[in-house]
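Undergrad: File name model.cif; file contents mmCIF, C-alpha atoms; full text below.
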```cif
data_protein
#
loop_
_atom_site.label_atom_id
_atom_site.label_comp_id
_atom_site.auth_asym_id
_atom_site.auth_seq_id
_atom_site.Cartn_x
_atom_site.Cartn_y
_atom_site.Cartn_z
CA MET A 1 74.80 106.29 78.48
CA ASN A 2 76.03 106.64 74.95
CA GLU A 3 79.58 105.90 73.98
CA ILE A 4 81.91 108.59 75.21
CA ILE A 5 85.33 108.94 73.65
CA ILE A 6 88.09 110.72 75.52
CA PRO A 7 91.30 111.42 73.60
CA LEU A 8 94.46 111.14 75.67
CA ILE A 9 97.77 112.93 75.25
CA PHE A 10 100.79 110.91 76.37
CA ASN A 11 103.52 112.87 78.11
CA ARG A 12 106.10 110.80 79.96
CA THR A 13 106.77 113.44 82.61
CA ASP A 14 103.09 113.44 83.63
CA PHE A 15 103.41 109.75 84.53
CA GLU A 16 106.82 110.15 86.16
CA GLU A 17 105.47 112.93 88.42
CA ILE A 18 102.89 110.50 89.75
CA TYR A 19 104.90 107.27 89.88
CA PHE A 20 108.09 108.76 91.32
CA ARG A 21 106.66 111.29 93.80
CA ASP A 22 107.56 111.14 97.48
CA ASN A 23 110.97 109.56 96.72
CA GLN A 24 109.30 106.37 95.45
CA ALA A 25 112.25 105.69 93.15
CA SER A 26 114.95 106.54 95.70
CA LEU A 27 117.02 103.49 96.53
CA PHE A 28 117.65 104.28 100.20
CA PHE A 29 114.90 106.77 101.06
CA SER A 30 111.80 105.38 99.34
CA PRO A 31 108.88 104.51 101.64
CA THR A 32 109.95 100.86 101.36
CA THR A 33 113.59 101.37 102.33
CA LYS A 34 113.67 104.53 104.46
CA ASN A 35 113.10 102.88 107.87
CA LYS A 36 115.62 100.15 107.11
CA THR A 37 118.22 102.73 106.06
CA PHE A 38 117.78 104.76 109.25
CA PHE A 39 117.91 101.59 111.38
CA ILE A 40 121.20 100.56 109.77
CA ILE A 41 122.67 104.04 110.27
CA ILE A 42 121.72 104.06 113.95
CA LEU A 43 122.91 100.49 114.47
CA GLY A 44 126.15 101.29 112.64
CA LEU A 45 126.73 104.30 114.91
CA ILE A 46 126.15 102.18 118.01
CA PHE A 47 128.48 99.54 116.59
CA ALA A 48 131.17 102.19 115.88
CA ILE A 49 130.84 103.79 119.33
CA ILE A 50 131.25 100.43 121.03
CA TYR A 51 134.24 99.55 118.85
CA PHE A 52 136.11 102.84 119.07
CA ASN A 53 135.52 103.38 122.78
CA ASP A 54 136.76 99.90 123.56
CA LEU A 55 133.48 99.11 125.27
CA ALA A 56 133.62 95.60 123.90
CA SER A 57 135.76 93.86 126.43
CA LEU A 58 136.25 90.14 126.70
CA ASN A 59 133.29 90.02 129.10
CA SER A 60 130.90 91.70 126.64
CA LEU A 61 132.16 90.16 123.41
CA GLY A 62 128.90 88.23 122.97
CA PHE A 63 126.95 91.49 122.98
CA TYR A 64 129.32 92.84 120.33
CA TYR A 65 128.72 89.81 118.12
CA ILE A 66 124.95 90.01 118.55
CA ILE A 67 124.92 93.64 117.42
CA GLY A 68 127.13 92.64 114.48
CA LEU A 69 124.74 89.86 113.46
CA ILE A 70 121.73 92.18 113.74
CA PHE A 71 123.62 94.73 111.64
CA LEU A 72 124.39 92.16 108.92
CA PHE A 73 120.80 90.89 108.92
CA SER A 74 119.55 94.48 108.60
CA VAL A 75 121.93 95.15 105.71
CA PHE A 76 120.58 92.05 103.98
CA ARG A 77 116.97 93.23 104.48
CA LEU A 78 117.88 96.67 103.08
CA PHE A 79 119.59 95.01 100.11
CA VAL A 80 116.43 93.00 99.34
CA SER A 81 114.30 96.17 99.58
CA VAL A 82 116.68 98.07 97.29
CA ILE A 83 116.49 95.25 94.73
CA THR A 84 112.67 95.38 94.92
CA THR A 85 112.73 99.15 94.37
CA VAL A 86 115.11 98.81 91.41
CA ARG A 87 112.89 96.15 89.80
CA TRP A 88 109.77 98.29 90.32
CA LYS A 89 111.46 101.37 88.86
CA ASN A 90 112.82 99.41 85.88
CA GLY A 91 109.32 98.04 85.25
CA ILE A 92 107.85 101.55 85.23
CA VAL A 93 110.61 102.86 82.96
CA LYS A 94 110.16 99.92 80.57
CA TYR A 95 106.38 100.49 80.49
CA LEU A 96 106.79 104.23 79.82
CA ASN A 97 109.33 103.49 77.09
CA SER A 98 106.82 101.17 75.41
CA LEU A 99 104.15 103.87 75.58
CA GLU A 100 106.46 106.40 73.95
CA ASN A 101 106.55 104.24 70.82
CA ASN A 102 102.78 104.66 70.37
CA SER A 103 101.02 107.60 68.78
CA PHE A 104 97.29 107.07 69.41
CA PHE A 105 95.67 106.98 72.85
CA GLU A 106 92.00 107.14 73.72
CA LEU A 107 89.44 105.95 76.22
CA GLU A 108 86.00 104.79 75.27
CA LEU A 109 83.31 104.64 77.92
CA THR A 110 80.25 102.51 77.26
CA ASP A 111 77.41 101.22 79.40
CA ASN A 112 79.30 98.03 80.29
CA PHE A 113 82.95 98.60 79.43
CA LEU A 114 85.95 100.84 79.74
CA ILE A 115 87.88 100.45 76.51
CA VAL A 116 91.51 101.56 76.46
CA ASN A 117 92.72 102.06 72.91
CA ILE A 118 96.47 102.35 72.37
CA ASP A 119 97.55 102.45 68.73
CA TYR A 120 94.25 100.81 67.76
CA GLN A 121 94.77 97.85 70.07
CA GLU A 122 91.79 97.78 72.36
CA GLU A 123 91.57 96.39 75.91
CA TYR A 124 88.05 95.85 77.18
CA THR A 125 87.37 95.83 80.91
CA GLN A 126 83.89 95.50 82.34
CA TRP A 127 82.98 98.04 84.98
CA LYS A 128 82.16 95.29 87.47
CA ASP A 129 85.69 93.85 87.14
CA PHE A 130 87.37 96.86 88.73
CA THR A 131 88.43 96.06 92.28
CA LYS A 132 90.12 99.32 93.22
CA ILE A 133 89.56 102.91 92.19
CA GLU A 134 91.46 106.00 93.30
CA ILE A 135 90.33 109.39 92.13
CA LYS A 136 92.84 112.04 93.15
CA TYR A 137 93.21 115.66 92.20
CA ASP A 138 95.89 114.93 89.60
CA TYR A 139 95.24 111.35 88.48
CA ILE A 140 92.86 108.40 88.36
CA PHE A 141 94.05 104.89 89.18
CA LEU A 142 92.01 101.78 88.35
CA GLN A 143 92.79 98.17 89.15
CA SER A 144 91.14 95.12 87.67
CA GLY A 145 92.82 91.84 88.56
CA SER A 146 96.30 92.04 87.07
CA LEU A 147 95.51 95.13 84.97
CA ASN A 148 96.29 98.58 86.33
CA TYR A 149 95.40 101.84 84.65
CA LEU A 150 96.78 105.26 85.53
CA PHE A 151 95.30 108.31 83.84
CA PRO A 152 97.03 111.60 84.70
CA LYS A 153 94.75 114.61 84.72
CA LYS A 154 97.24 116.40 82.46
CA SER A 155 96.64 113.76 79.77
CA MET A 156 93.15 115.03 79.04
CA SER A 157 91.08 118.18 79.14
CA GLU A 158 89.50 119.35 82.39
CA LYS A 159 86.05 118.61 80.96
CA ASP A 160 87.07 115.06 79.97
CA TYR A 161 88.68 114.44 83.37
CA ASN A 162 85.50 115.48 85.16
CA LEU A 163 83.41 113.35 82.78
CA LEU A 164 85.63 110.32 83.40
CA THR A 165 85.44 110.86 87.16
CA LYS A 166 81.65 111.12 87.04
CA THR A 167 81.33 108.02 84.85
CA LEU A 168 83.60 106.00 87.11
CA LYS A 169 81.62 106.96 90.21
CA GLU A 170 78.38 105.95 88.49
CA ASN A 171 79.60 102.62 87.12
CA ILE A 172 81.96 101.34 89.82
CA LYS A 173 80.40 100.66 93.18
#
```
Is it possible to give me this structure as structure tokens?
TA:
Amino acid sequence: MNEIIIPLIFNRTDFEEIYFRDNQASLFFSPTTKNKTFFIIILGLIFAIIYFNDLASLNSLGFYYIIGLIFLFSVFRLFVSVITTVRWKNGIVKYLNSLENNSFFELELTDNFLIVNIDYQEEYTQWKDFTKIEIKYDYIFLQSGSLNYLFPKKSMSEKDYNLLTKTLKENIK
């Protein structure tokens, strides 16, 4: 294979559509926090029903305290998940902000390397170093150790997207 150069067009909204789909950035209803939020709501309703119906008598006070402790533990778990979601979202926003300051984006495909060129700073990654590849209809995701690459389909021409997909399938096994 000869060197293939694919020019990329950076548009922040293309990345945000992919990163933040399916409520990924939602604090209480992201895939990470949704179950914990619903559990707390249900537990809170049970707690309220017991409290307001005076079902917690002196004989069942221990049960009331156990539900209260489970509720507090669940709130703590939700809080930790919300913090994780906030950190992830802030990391994505910071990364996209740094990309907005650049003006030149291109991919270079060679026999042995994928070269990502951002403002003439090149990152070389050997094809064999990629550990995960996802080719979807609207994006390509590559992972190599601590490096992750996301290439939205909208960032390149249809022809270049198909060429990149074909090259990735040939070189990454």
Undergrad: Would you please work out which residue, of A:Leu99, A:Ile172, A:Ile18, A:Leu8, is nearest to Phe113 (chain A) when using all atoms listed in the file?
TA: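 Ranked by minimum distance to Phe113 (chain A), first place goes to A:Ile172.
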Undergrad: Between A:Asp22, A:Asp129, A:Glu3, A:Asp14, which has the minimum distance to Ser146 (chain A) (counting all atoms listed in the file)?
TA: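 Selected residue with least distance to Ser146 (chain A): A:Asp129.
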Undergrad: Quick one: everything within 7 Å of Ser81 (chain A), counting all atoms listed in the file, minus sequence neighbours fewer than 4 positions away in the same chain. Send it as a list in words.
TA: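 Selected residues are Thr32, Thr33, Arg77 and Thr85 of chain A.
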Undergrad: Name the residues that the PyMOL selection byres ((chain A and resi 91-94) around 10) pulls out of this structure, and write them as a count of residues only.
TA: 18
Undergrad: Tell me, in Å to one decimal, how far CA of Gln121 (chain A) is from CA of Phe105 (chain A).
TA: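 Separating CA of Gln121 (chain A) from CA of Phe105 (chain A) is a distance of 9.6 Å.
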Undergrad: Translate the PyMOL selection byres ((chain A and resi 130) around 12) into a concrete residue list for this structure, as a VMD selection string.
TA: chain A and resid 112 to 114 124 to 129 131 to 134 141 to 149 168 to 169 171 to 173
Undergrad: Those selected residues, please, written with C-alpha atoms and delivered as a PDB file, in the frame of the given file.
TA:
```
ATOM      1  CA  ASN A 112      79.300  98.030  80.290  1.00  0.00           C
ATOM      2  CA  PHE A 113      82.950  98.600  79.430  1.00  0.00           C
ATOM      3  CA  LEU A 114      85.950 100.840  79.740  1.00  0.00           C
ATOM      4  CA  TYR A 124      88.050  95.850  77.180  1.00  0.00           C
ATOM      5  CA  THR A 125      87.370  95.830  80.910  1.00  0.00           C
ATOM      6  CA  GLN A 126      83.890  95.500  82.340  1.00  0.00           C
ATOM      7  CA  TRP A 127      82.980  98.040  84.980  1.00  0.00           C
ATOM      8  CA  LYS A 128      82.160  95.290  87.470  1.00  0.00           C
ATOM      9  CA  ASP A 129      85.690  93.850  87.140  1.00  0.00           C
ATOM     10  CA  THR A 131      88.430  96.060  92.280  1.00  0.00           C
ATOM     11  CA  LYS A 132      90.120  99.320  93.220  1.00  0.00           C
ATOM     12  CA  ILE A 133      89.560 102.910  92.190  1.00  0.00           C
ATOM     13  CA  GLU A 134      91.460 106.000  93.300  1.00  0.00           C
ATOM     14  CA  PHE A 141      94.050 104.890  89.180  1.00  0.00           C
ATOM     15  CA  LEU A 142      92.010 101.780  88.350  1.00  0.00           C
ATOM     16  CA  GLN A 143      92.790  98.170  89.150  1.00  0.00           C
ATOM     17  CA  SER A 144      91.140  95.120  87.670  1.00  0.00           C
ATOM     18  CA  GLY A 145      92.820  91.840  88.560  1.00  0.00           C
ATOM     19  CA  SER A 146      96.300  92.040  87.070  1.00  0.00           C
ATOM     20  CA  LEU A 147      95.510  95.130  84.970  1.00  0.00           C
ATOM     21  CA  ASN A 148      96.290  98.580  86.330  1.00  0.00           C
ATOM     22  CA  TYR A 149      95.400 101.840  84.650  1.00  0.00           C
ATOM     23  CA  LEU A 168      83.600 106.000  87.110  1.00  0.00           C
ATOM     24  CA  LYS A 169      81.620 106.960  90.210  1.00  0.00           C
ATOM     25  CA  ASN A 171      79.600 102.620  87.120  1.00  0.00           C
ATOM     26  CA  ILE A 172      81.960 101.340  89.820  1.00  0.00           C
ATOM     27  CA  LYS A 173      80.400 100.660  93.180  1.00  0.00           C
TER      28      LYS A 173
END
```
Undergrad: Compile the contact shell of Phe28 (chain A) as a list in words: residues with an atom at most 9 Å away, counting only C-alpha atoms, same-chain residues fewer than 5 positions apart removed.
TA: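 So the residues in contact are Thr33, Lys34, Lys36, Thr37, Leu78, Ser81 and Val82 of chain A.
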Undergrad: Tell me, in Å to one decimal, how far CA of Thr165 (chain A) is from CA of Asn102 (chain A).
TA: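 Straight-line distance from CA of Thr165 (chain A) to CA of Asn102 (chain A) works out to 24.9 Å.
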Undergrad: Enumerate, as a list in words, the protein, DNA and RNA residues whose atoms approach (91.7, 101.9, 69.1) to within 12 Å, taking into account only C-alpha atoms and the coordinate frame of the file.
TA: Ile5, Ile6, Pro7, Leu8, Asn102, Ser103, Phe104, Phe105, Glu106, Leu107, Glu108, Ile115, Val116, Asn117, Ile118, Asp119, Tyr120, Gln121, Glu122, Glu123 and Tyr124 of chain A
Undergrad: Could you tell me which residues the PyMOL selection byres ((chain A and resi 162) around 12) returns for this structure, as a list in words?
TA: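 So the PyMOL selection byres ((chain A and resi 162) around 12), applied here, picks out Ile6, Ile135, Lys136, Tyr137, Asp138, Tyr139, Ile140, Lys153, Met156, Ser157, Glu158, Lys159, Asp160, Tyr161, Leu163, Leu164, Thr165, Lys166, Thr167, Leu168 and Lys169 of chain A.
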Undergrad: What's the separation between CA of Ser26 (chain A) and CA of Ile46 (chain A), in Å to one decimal place?
TA: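 Computing it gives 25.3 Å between the two atoms.
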Undergrad: Centre and edge lengths of an axis-aligned box around all listed atoms of region 60-75 of chain A, with 8 Å added on each side, are to be given in Å to one decimal, as AutoDock Vina command-line options.
TA:
```
--center_x 125.9 --center_y 91.7 --center_z 116.2 --size_x 28.6 --size_y 22.9 --size_z 36.9
```
